[in-house]
Amino acid sequence: MTGRAQPDAPIDLNDLDLFVSGDPHTVWSRLRRTAPVYWNPTPDGGFWALTRYEDVSAAYIDTVSFSSKYGTVLGGSYRNAADTASGQMLICSDPPDHRLLRQQVHKAFAPWMIEKATRRVVEFLGAALDRFVAAGGGDFATEVALELPAGFLSAMFDLERDDAFRLLRLTRSMIGHKDAEYSGSSGADMTLVASQVEIFDMLTDLTERRRKEPGNDLVSLLCAAEINGRPMTDSQILYNCLNVAVGGNETTPYTATAAVLALAEHPDQAKRLIADPGLLSTGVEEIFRWTSTNAYVQRTATRDVELRGTLIKAGQSVTLWNASANRDEDQFASPDVFDVSRAPNQHLAFGVAAHRCIGMGGARQEITLLMQALAERRLRFEVTGTVERLRSNFMLGIKHLPVAVSVG
């Protein structure tokens, strides 16, 4: 067993500047080659980074050795072992709690709900694209992409449009609390706390209303749900509503914006999608692989594990870098080529096994609706200004994407 593997030059995956103005894909490529099990020191300790497809996939599957219950985000609110979210929030739980929670939350993703959400997304997206095309373009990230989660979550939570955007604003500041655009003068920590408090206040009010007047929405379903013959607790309901809200609100618009940037940078692939509707399905999967919006998830080692000759000790943080795994040369032919006909394409954008994203079907539907609309309208995009990226190593987000749009 060897000591901690090191790359040929210092790398800090906790340096947020890397994800704003640097090239994290080049860094991940170095790590895959030189230190696929890499110890990344931080001021408060450090974490392991797994960057190869094989190792990331295996760690997802091995829920016994790599636990989710201590939190899935570095420095996040749910990292402390004593946090009340542990075992109660879907993404912060291990079997058997995870399986029992998933059974209840999954009911909200039934075909009838997806159909309802699809109608709402088509409505919101169509109106936004009409405005965008009429104006000749604008900031796709703020003027179009946000309509996807707003439409989906307005259906999922049975919210009016204004309330859906309020929830979107709050989850955005929660995830982007280290970005000055969202934290402002309040600072990162206060922005995170304030956003979480306001989200929980909003969800608590919604829960009280749904208990009095149940409907066909996620909150009503969870209020009526039972686990082992007992009603879900208030905290279980709130945490899992938050889980769905953050997952649905944050990943999809960033994926949508990155998709438009990819099409602008690869006009030959955009032309193929417009010319051949049969490429829609493979094109959507390539977008998820290419963008890998959720860059990593955190796990905590429950026991000593030897991986590639390196010892990971019990209690240490282990990060699974989806974005790196999805460019692994051992898994994907020409991984740095954007190819809308790529097949097979077993990417890890949604995780794998028990912790595969519960909202995967909804996300696929939203991006499919977007790509279908762009192709049917024969829209072409050209970047006209600075692409501004979110200051985060967890969410590979584009905050602003100024583009000109044309039809042809």
# chains A, B, ... in the order shown; residues from 1 in each chain; ligands from 1
call {"tool": "residues_around", "arguments": {"residues": "A:Leu90", "least_positions_apart": "2", "cutoff": "12 Å", "atoms": "only C-alpha atoms", "output": "VMD selection string"}}
result
chain A and resid 68 to 72 78 85 to 88 92 to 106 235 to 244 247 354 to 359
call {"tool": "select_by_dssp", "arguments": {"residues": "stretch 45-215 of chain A", "states": "helix (DSSP H, G or I)", "output": "JSON, numbers by chain"}}
result
{"A": [53, 54, 55, 56, 57, 58, 59, 60, 61, 90, 91, 92, 97, 98, 99, 100, 101, 102, 103, 104, 105, 106, 107, 108, 109, 111, 112, 113, 114, 115, 116, 117, 118, 119, 120, 121, 122, 123, 124, 125, 126, 127, 128, 129, 130, 131, 132, 133, 134, 135, 140, 141, 142, 143, 147, 148, 149, 150, 151, 152, 153, 154, 155, 156, 161, 162, 163, 164, 165, 166, 167, 168, 169, 170, 171, 172, 173, 174, 175, 180, 181, 182, 183, 184, 185, 186, 188, 189, 190, 191, 192, 193, 194, 195, 196, 197, 198, 199, 200, 201, 202, 203, 204, 205, 206, 207, 208, 209, 210, 211, 212]}
call {"tool": "closest_atom_pairs", "arguments": {"of": "stretch 16-124 of chain A", "to": "stretch 287-301 of chain A", "cutoff": "10 Å", "atoms": "only C-alpha atoms", "output": "tab-separated table"}}
result
residue	atom	partner	partner_atom	distance
A:Phe47	CA	A:Gln298	CA	9.1
A:Trp48	CA	A:Gln298	CA	9.4
A:Ala49	CA	A:Tyr296	CA	9.2
A:Leu50	CA	A:Tyr296	CA	9.4
A:Thr51	CA	A:Tyr296	CA	9.6
A:Val56	CA	A:Tyr296	CA	9.6
A:Ala59	CA	A:Arg299	CA	8.4
A:Tyr60	CA	A:Arg299	CA	8.7
A:Thr63	CA	A:Arg299	CA	9.0
A:Val64	CA	A:Ala301	CA	8.7
A:Ser65	CA	A:Ala301	CA	5.6
A:Phe66	CA	A:Ala301	CA	4.7
A:Ser67	CA	A:Thr300	CA	5.1
A:Ser68	CA	A:Arg299	CA	5.2
A:Lys69	CA	A:Arg299	CA	8.1
A:Tyr70	CA	A:Thr300	CA	6.7
A:Gly71	CA	A:Gln298	CA	6.7
A:Thr72	CA	A:Gln298	CA	4.2
A:Val73	CA	A:Gln298	CA	5.5
A:Leu74	CA	A:Gln298	CA	6.6
A:Gly75	CA	A:Gln298	CA	9.9
A:Gly76	CA	A:Gln298	CA	9.9
A:Arg79	CA	A:Gln298	CA	9.2
A:Ile91	CA	A:Val297	CA	9.8
A:Cys92	CA	A:Arg299	CA	9.5
call {"tool": "write_last_selection", "arguments": {"atoms": "N, CA and C atoms", "output": "tab-separated table (two decimals), in the first residue's frame"}}
result
chain	number	residue	atom	x	y	z
A	47	PHE	N	-9.93	16.33	1.77
A	47	PHE	CA	-10.85	15.33	1.25
A	47	PHE	C	-10.17	14.56	0.13
A	48	TRP	N	-10.65	13.34	-0.10
A	48	TRP	CA	-10.19	12.54	-1.21
A	48	TRP	C	-11.01	12.89	-2.45
A	49	ALA	N	-10.35	12.85	-3.60
A	49	ALA	CA	-11.02	13.09	-4.87
A	49	ALA	C	-10.83	11.87	-5.77
A	50	LEU	N	-11.94	11.27	-6.17
A	50	LEU	CA	-11.93	10.16	-7.13
A	50	LEU	C	-12.33	10.73	-8.48
A	51	THR	N	-11.52	10.48	-9.50
A	51	THR	CA	-11.74	11.14	-10.79
A	51	THR	C	-11.94	10.16	-11.95
A	56	VAL	N	-15.43	6.13	-9.43
A	56	VAL	CA	-16.61	6.92	-9.07
A	56	VAL	C	-17.84	6.02	-9.07
A	59	ALA	N	-17.82	3.60	-6.10
A	59	ALA	CA	-18.10	4.26	-4.82
A	59	ALA	C	-19.59	4.57	-4.68
A	60	TYR	N	-20.24	4.94	-5.77
A	60	TYR	CA	-21.70	5.13	-5.73
A	60	TYR	C	-22.39	3.84	-5.30
A	63	THR	N	-22.52	1.54	-0.93
A	63	THR	CA	-23.08	2.41	0.10
A	63	THR	C	-22.68	1.98	1.51
A	64	VAL	N	-22.14	0.79	1.64
A	64	VAL	CA	-21.68	0.33	2.96
A	64	VAL	C	-20.37	1.03	3.33
A	65	SER	N	-19.45	1.12	2.39
A	65	SER	CA	-18.15	1.73	2.66
A	65	SER	C	-18.16	3.25	2.53
A	66	PHE	N	-19.06	3.76	1.65
A	66	PHE	CA	-19.09	5.19	1.38
A	66	PHE	C	-20.50	5.72	1.67
A	67	SER	N	-20.63	6.36	2.82
A	67	SER	CA	-21.94	6.78	3.31
A	67	SER	C	-22.34	8.16	2.82
A	68	SER	N	-23.66	8.34	2.63
A	68	SER	CA	-24.22	9.63	2.24
A	68	SER	C	-24.77	10.42	3.42
A	69	LYS	N	-24.95	9.76	4.55
A	69	LYS	CA	-25.73	10.38	5.62
A	69	LYS	C	-25.03	11.54	6.31
A	70	TYR	N	-23.74	11.72	6.07
A	70	TYR	CA	-23.04	12.85	6.68
A	70	TYR	C	-23.00	14.07	5.78
A	71	GLY	N	-23.65	14.01	4.64
A	71	GLY	CA	-23.75	15.16	3.75
A	71	GLY	C	-23.11	14.90	2.41
A	72	THR	N	-23.64	15.53	1.38
A	72	THR	CA	-23.19	15.29	0.01
A	72	THR	C	-22.46	16.48	-0.60
A	73	VAL	N	-22.30	17.57	0.16
A	73	VAL	CA	-21.62	18.76	-0.35
A	73	VAL	C	-20.51	19.15	0.62
A	74	LEU	N	-19.34	19.45	0.11
A	74	LEU	CA	-18.24	19.89	0.95
A	74	LEU	C	-18.61	21.17	1.69
A	75	GLY	N	-18.50	21.14	3.01
A	75	GLY	CA	-18.79	22.32	3.80
A	75	GLY	C	-20.26	22.68	3.84
A	76	GLY	N	-21.13	21.77	3.41
A	76	GLY	CA	-22.56	22.05	3.37
A	76	GLY	C	-23.20	21.99	4.74
A	79	ARG	N	-23.27	18.33	6.71
A	79	ARG	CA	-22.08	17.51	6.78
A	79	ARG	C	-21.85	16.95	8.19
A	91	ILE	N	-31.12	12.43	-0.05
A	91	ILE	CA	-29.72	12.41	-0.47
A	91	ILE	C	-28.76	12.27	0.70
A	92	CYS	N	-29.25	12.44	1.94
A	92	CYS	CA	-28.41	12.33	3.13
A	92	CYS	C	-28.79	11.08	3.93
call {"tool": "atom_distance", "arguments": {"atom1": "atom CA of A:Lys212", "atom2": "atom CA of A:Leu170"}}
result
25.3 Å
call {"tool": "closest_residue", "arguments": {"among": "A:Thr191, A:Ser324, A:Gln372, A:Asn345", "to": "A:Thr171", "atoms": "only C-alpha atoms"}}
result
A:Thr191
call {"tool": "residues_around", "arguments": {"residues": "stretch 127-139 of chain A", "least_positions_apart": "5", "cutoff": "10 Å", "atoms": "only C-alpha atoms", "output": "JSON, numbers by chain"}}
result
{"A": [121, 122, 144, 145, 146, 147, 148, 257, 370, 373, 374, 377, 379, 381, 382, 383, 384, 385, 387, 399, 400, 401, 402, 403, 404, 405, 406, 407]}
call {"tool": "closest_atom_pairs", "arguments": {"of": "stretch 205-307 of chain A", "to": "stretch 35-44 of chain A", "cutoff": "12 Å", "atoms": "only C-alpha atoms", "output": "Markdown table"}}
result
| residue | atom | partner | partner_atom | distance |
| --- | --- | --- | --- | --- |
| A:Val305 | CA | A:Val37 | CA | 11.5 |
| A:Glu306 | CA | A:Val37 | CA | 10.1 |
| A:Leu307 | CA | A:Val37 | CA | 7.3 |
call {"tool": "closest_residue", "arguments": {"among": "A:Gly408, A:Pro277, A:Gly351, A:Gly361", "to": "A:Ile61", "atoms": "only C-alpha atoms"}}
result
A:Gly351
call {"tool": "closest_residue", "arguments": {"among": "A:Gly184, A:Gly397, A:Pro24, A:Gly248", "to": "A:Met156", "atoms": "only C-alpha atoms"}}
result
A:Gly248
call {"tool": "select_by_dssp", "arguments": {"residues": "stretch 8-184 of chain A", "states": "strand (DSSP E or B)", "output": "number ranges by chain"}}
result
A: 37-42, 45-50, 66-67, 137-139
call {"tool": "atom_distance", "arguments": {"atom1": "atom CA of A:Ala141", "atom2": "atom CA of A:Ala108"}}
result
27.3 Å
call {"tool": "atom_distance", "arguments": {"atom1": "atom CA of A:Gly151", "atom2": "atom CA of A:Arg120"}}
result
5.0 Å
call {"tool": "residues_around", "arguments": {"residues": "A:Met174", "least_positions_apart": "5", "cutoff": "8 Å", "atoms": "only C-alpha atoms", "output": "number ranges by chain"}}
result
A: 191-193, 195-196
call {"tool": "write_last_selection", "arguments": {"atoms": "N, CA, C and O atoms", "output": "compact mmCIF listing (two decimals), in the first residue's frame"}}
result
# COMPACT_ATOMS: atom_id res chain seq x y z
N THR A 191 -25.78 34.38 3.76
CA THR A 191 -26.66 34.14 2.62
C THR A 191 -27.18 32.72 2.62
O THR A 191 -28.37 32.46 2.37
N LEU A 192 -26.29 31.76 2.93
CA LEU A 192 -26.70 30.35 3.01
C LEU A 192 -27.77 30.16 4.07
O LEU A 192 -28.82 29.56 3.81
N VAL A 193 -27.52 30.68 5.26
CA VAL A 193 -28.47 30.52 6.36
C VAL A 193 -29.80 31.20 6.05
O VAL A 193 -30.88 30.62 6.23
N SER A 195 -31.12 31.98 3.18
CA SER A 195 -31.84 31.29 2.11
C SER A 195 -32.53 30.05 2.61
O SER A 195 -33.70 29.78 2.30
N GLN A 196 -31.82 29.27 3.44
CA GLN A 196 -32.40 28.04 3.97
C GLN A 196 -33.59 28.34 4.87
O GLN A 196 -34.62 27.66 4.80
call {"tool": "closest_residue", "arguments": {"among": "A:Asn322, A:Gln346, A:Thr368, A:Ser392", "to": "A:Thr118", "atoms": "only C-alpha atoms"}}
result
A:Thr368
call {"tool": "decode", "arguments": {"residues": "stretch 36-145 of chain A", "atoms": "C-alpha atoms", "output": "PDB file, in the first residue's frame"}}
result
ATOM      1  CA  PRO A  36      -6.852   9.130  -9.543  1.00  0.00           C
ATOM      2  CA  VAL A  37      -7.170   8.795  -5.755  1.00  0.00           C
ATOM      3  CA  TYR A  38      -6.002  12.238  -4.706  1.00  0.00           C
ATOM      4  CA  TRP A  39      -5.811  13.812  -1.266  1.00  0.00           C
ATOM      5  CA  ASN A  40      -6.829  17.464  -1.499  1.00  0.00           C
ATOM      6  CA  PRO A  41      -5.768  19.332   1.633  1.00  0.00           C
ATOM      7  CA  THR A  42      -7.907  22.211   2.923  1.00  0.00           C
ATOM      8  CA  PRO A  43      -7.500  24.597   5.876  1.00  0.00           C
ATOM      9  CA  ASP A  44      -9.915  22.480   7.937  1.00  0.00           C
ATOM     10  CA  GLY A  45      -8.500  19.104   6.946  1.00  0.00           C
ATOM     11  CA  GLY A  46      -9.032  17.802   3.438  1.00  0.00           C
ATOM     12  CA  PHE A  47     -10.853  15.326   1.252  1.00  0.00           C
ATOM     13  CA  TRP A  48     -10.190  12.540  -1.213  1.00  0.00           C
ATOM     14  CA  ALA A  49     -11.018  13.093  -4.869  1.00  0.00           C
ATOM     15  CA  LEU A  50     -11.930  10.162  -7.128  1.00  0.00           C
ATOM     16  CA  THR A  51     -11.744  11.135 -10.793  1.00  0.00           C
ATOM     17  CA  ARG A  52     -11.860   7.912 -12.831  1.00  0.00           C
ATOM     18  CA  TYR A  53     -15.141   6.498 -14.090  1.00  0.00           C
ATOM     19  CA  GLU A  54     -14.530   3.047 -12.646  1.00  0.00           C
ATOM     20  CA  ASP A  55     -13.784   4.352  -9.146  1.00  0.00           C
ATOM     21  CA  VAL A  56     -16.612   6.916  -9.071  1.00  0.00           C
ATOM     22  CA  SER A  57     -19.147   4.318 -10.213  1.00  0.00           C
ATOM     23  CA  ALA A  58     -17.905   1.762  -7.687  1.00  0.00           C
ATOM     24  CA  ALA A  59     -18.097   4.259  -4.818  1.00  0.00           C
ATOM     25  CA  TYR A  60     -21.698   5.126  -5.733  1.00  0.00           C
ATOM     26  CA  ILE A  61     -22.588   1.447  -5.612  1.00  0.00           C
ATOM     27  CA  ASP A  62     -20.746   0.665  -2.352  1.00  0.00           C
ATOM     28  CA  THR A  63     -23.082   2.413   0.101  1.00  0.00           C
ATOM     29  CA  VAL A  64     -21.681   0.330   2.958  1.00  0.00           C
ATOM     30  CA  SER A  65     -18.147   1.734   2.657  1.00  0.00           C
ATOM     31  CA  PHE A  66     -19.093   5.195   1.380  1.00  0.00           C
ATOM     32  CA  SER A  67     -21.943   6.776   3.312  1.00  0.00           C
ATOM     33  CA  SER A  68     -24.220   9.635   2.239  1.00  0.00           C
ATOM     34  CA  LYS A  69     -25.733  10.379   5.616  1.00  0.00           C
ATOM     35  CA  TYR A  70     -23.035  12.846   6.680  1.00  0.00           C
ATOM     36  CA  GLY A  71     -23.746  15.155   3.747  1.00  0.00           C
ATOM     37  CA  THR A  72     -23.189  15.293   0.012  1.00  0.00           C
ATOM     38  CA  VAL A  73     -21.619  18.762  -0.347  1.00  0.00           C
ATOM     39  CA  LEU A  74     -18.236  19.894   0.950  1.00  0.00           C
ATOM     40  CA  GLY A  75     -18.794  22.318   3.796  1.00  0.00           C
ATOM     41  CA  GLY A  76     -22.557  22.052   3.371  1.00  0.00           C
ATOM     42  CA  SER A  77     -25.189  22.369   6.066  1.00  0.00           C
ATOM     43  CA  TYR A  78     -25.673  18.646   6.434  1.00  0.00           C
ATOM     44  CA  ARG A  79     -22.079  17.506   6.783  1.00  0.00           C
ATOM     45  CA  ASN A  80     -22.071  17.210  10.584  1.00  0.00           C
ATOM     46  CA  ALA A  81     -22.868  13.704  11.813  1.00  0.00           C
ATOM     47  CA  ALA A  82     -25.275  15.146  14.382  1.00  0.00           C
ATOM     48  CA  ASP A  83     -27.302  17.082  11.802  1.00  0.00           C
ATOM     49  CA  THR A  84     -31.007  16.331  11.885  1.00  0.00           C
ATOM     50  CA  ALA A  85     -31.123  15.804   8.095  1.00  0.00           C
ATOM     51  CA  SER A  86     -29.135  12.603   8.455  1.00  0.00           C
ATOM     52  CA  GLY A  87     -31.385   9.652   7.699  1.00  0.00           C
ATOM     53  CA  GLN A  88     -34.336  11.921   6.968  1.00  0.00           C
ATOM     54  CA  MET A  89     -33.393  13.598   3.700  1.00  0.00           C
ATOM     55  CA  LEU A  90     -33.188  11.342   0.665  1.00  0.00           C
ATOM     56  CA  ILE A  91     -29.725  12.407  -0.467  1.00  0.00           C
ATOM     57  CA  CYS A  92     -28.406  12.326   3.129  1.00  0.00           C
ATOM     58  CA  SER A  93     -29.416   8.750   3.914  1.00  0.00           C
ATOM     59  CA  ASP A  94     -28.182   5.211   3.462  1.00  0.00           C
ATOM     60  CA  PRO A  95     -30.120   1.948   3.133  1.00  0.00           C
ATOM     61  CA  PRO A  96     -32.590   1.021   4.505  1.00  0.00           C
ATOM     62  CA  ASP A  97     -33.695   4.629   5.270  1.00  0.00           C
ATOM     63  CA  HIS A  98     -32.848   5.698   1.736  1.00  0.00           C
ATOM     64  CA  ARG A  99     -35.010   2.999   0.177  1.00  0.00           C
ATOM     65  CA  LEU A 100     -38.008   3.811   2.402  1.00  0.00           C
ATOM     66  CA  LEU A 101     -37.777   7.543   1.735  1.00  0.00           C
ATOM     67  CA  ARG A 102     -37.283   7.028  -1.975  1.00  0.00           C
ATOM     68  CA  GLN A 103     -40.451   4.940  -2.200  1.00  0.00           C
ATOM     69  CA  GLN A 104     -42.490   7.864  -0.893  1.00  0.00           C
ATOM     70  CA  VAL A 105     -40.805  10.710  -2.779  1.00  0.00           C
ATOM     71  CA  HIS A 106     -40.863   8.713  -6.012  1.00  0.00           C
ATOM     72  CA  LYS A 107     -44.680   8.825  -6.016  1.00  0.00           C
ATOM     73  CA  ALA A 108     -44.451  12.484  -7.002  1.00  0.00           C
ATOM     74  CA  PHE A 109     -42.631  11.498 -10.208  1.00  0.00           C
ATOM     75  CA  ALA A 110     -45.450   9.281 -11.487  1.00  0.00           C
ATOM     76  CA  PRO A 111     -46.353   9.495 -15.200  1.00  0.00           C
ATOM     77  CA  TRP A 112     -49.371  11.704 -14.499  1.00  0.00           C
ATOM     78  CA  MET A 113     -47.148  14.229 -12.715  1.00  0.00           C
ATOM     79  CA  ILE A 114     -44.593  14.219 -15.528  1.00  0.00           C
ATOM     80  CA  GLU A 115     -47.420  14.839 -18.012  1.00  0.00           C
ATOM     81  CA  LYS A 116     -48.730  17.726 -15.893  1.00  0.00           C
ATOM     82  CA  ALA A 117     -45.234  19.187 -15.593  1.00  0.00           C
ATOM     83  CA  THR A 118     -44.627  18.765 -19.316  1.00  0.00           C
ATOM     84  CA  ARG A 119     -47.664  20.885 -20.159  1.00  0.00           C
ATOM     85  CA  ARG A 120     -46.516  23.614 -17.771  1.00  0.00           C
ATOM     86  CA  VAL A 121     -42.928  23.585 -19.090  1.00  0.00           C
ATOM     87  CA  VAL A 122     -44.109  23.746 -22.707  1.00  0.00           C
ATOM     88  CA  GLU A 123     -46.261  26.742 -21.795  1.00  0.00           C
ATOM     89  CA  PHE A 124     -43.519  28.612 -19.933  1.00  0.00           C
ATOM     90  CA  LEU A 125     -40.750  27.714 -22.394  1.00  0.00           C
ATOM     91  CA  GLY A 126     -42.768  28.549 -25.504  1.00  0.00           C
ATOM     92  CA  ALA A 127     -43.624  32.030 -24.277  1.00  0.00           C
ATOM     93  CA  ALA A 128     -40.000  32.681 -23.264  1.00  0.00           C
ATOM     94  CA  LEU A 129     -38.628  31.556 -26.632  1.00  0.00           C
ATOM     95  CA  ASP A 130     -41.177  33.723 -28.450  1.00  0.00           C
ATOM     96  CA  ARG A 131     -39.934  36.764 -26.541  1.00  0.00           C
ATOM     97  CA  PHE A 132     -36.285  35.793 -26.961  1.00  0.00           C
ATOM     98  CA  VAL A 133     -36.509  35.277 -30.726  1.00  0.00           C
ATOM     99  CA  ALA A 134     -38.508  38.470 -31.203  1.00  0.00           C
ATOM    100  CA  ALA A 135     -35.748  40.393 -29.405  1.00  0.00           C
ATOM    101  CA  GLY A 136     -33.026  38.753 -31.482  1.00  0.00           C
ATOM    102  CA  GLY A 137     -31.431  37.210 -28.410  1.00  0.00           C
ATOM    103  CA  GLY A 138     -30.379  38.265 -24.932  1.00  0.00           C
ATOM    104  CA  ASP A 139     -29.164  36.476 -21.820  1.00  0.00           C
ATOM    105  CA  PHE A 140     -30.295  32.892 -22.304  1.00  0.00           C
ATOM    106  CA  ALA A 141     -29.400  31.955 -18.717  1.00  0.00           C
ATOM    107  CA  THR A 142     -31.805  34.443 -17.149  1.00  0.00           C
ATOM    108  CA  GLU A 143     -34.429  34.940 -19.865  1.00  0.00           C
ATOM    109  CA  VAL A 144     -35.099  31.367 -21.014  1.00  0.00           C
ATOM    110  CA  ALA A 145     -33.336  28.651 -19.005  1.00  0.00           C
TER     111      ALA A 145
END
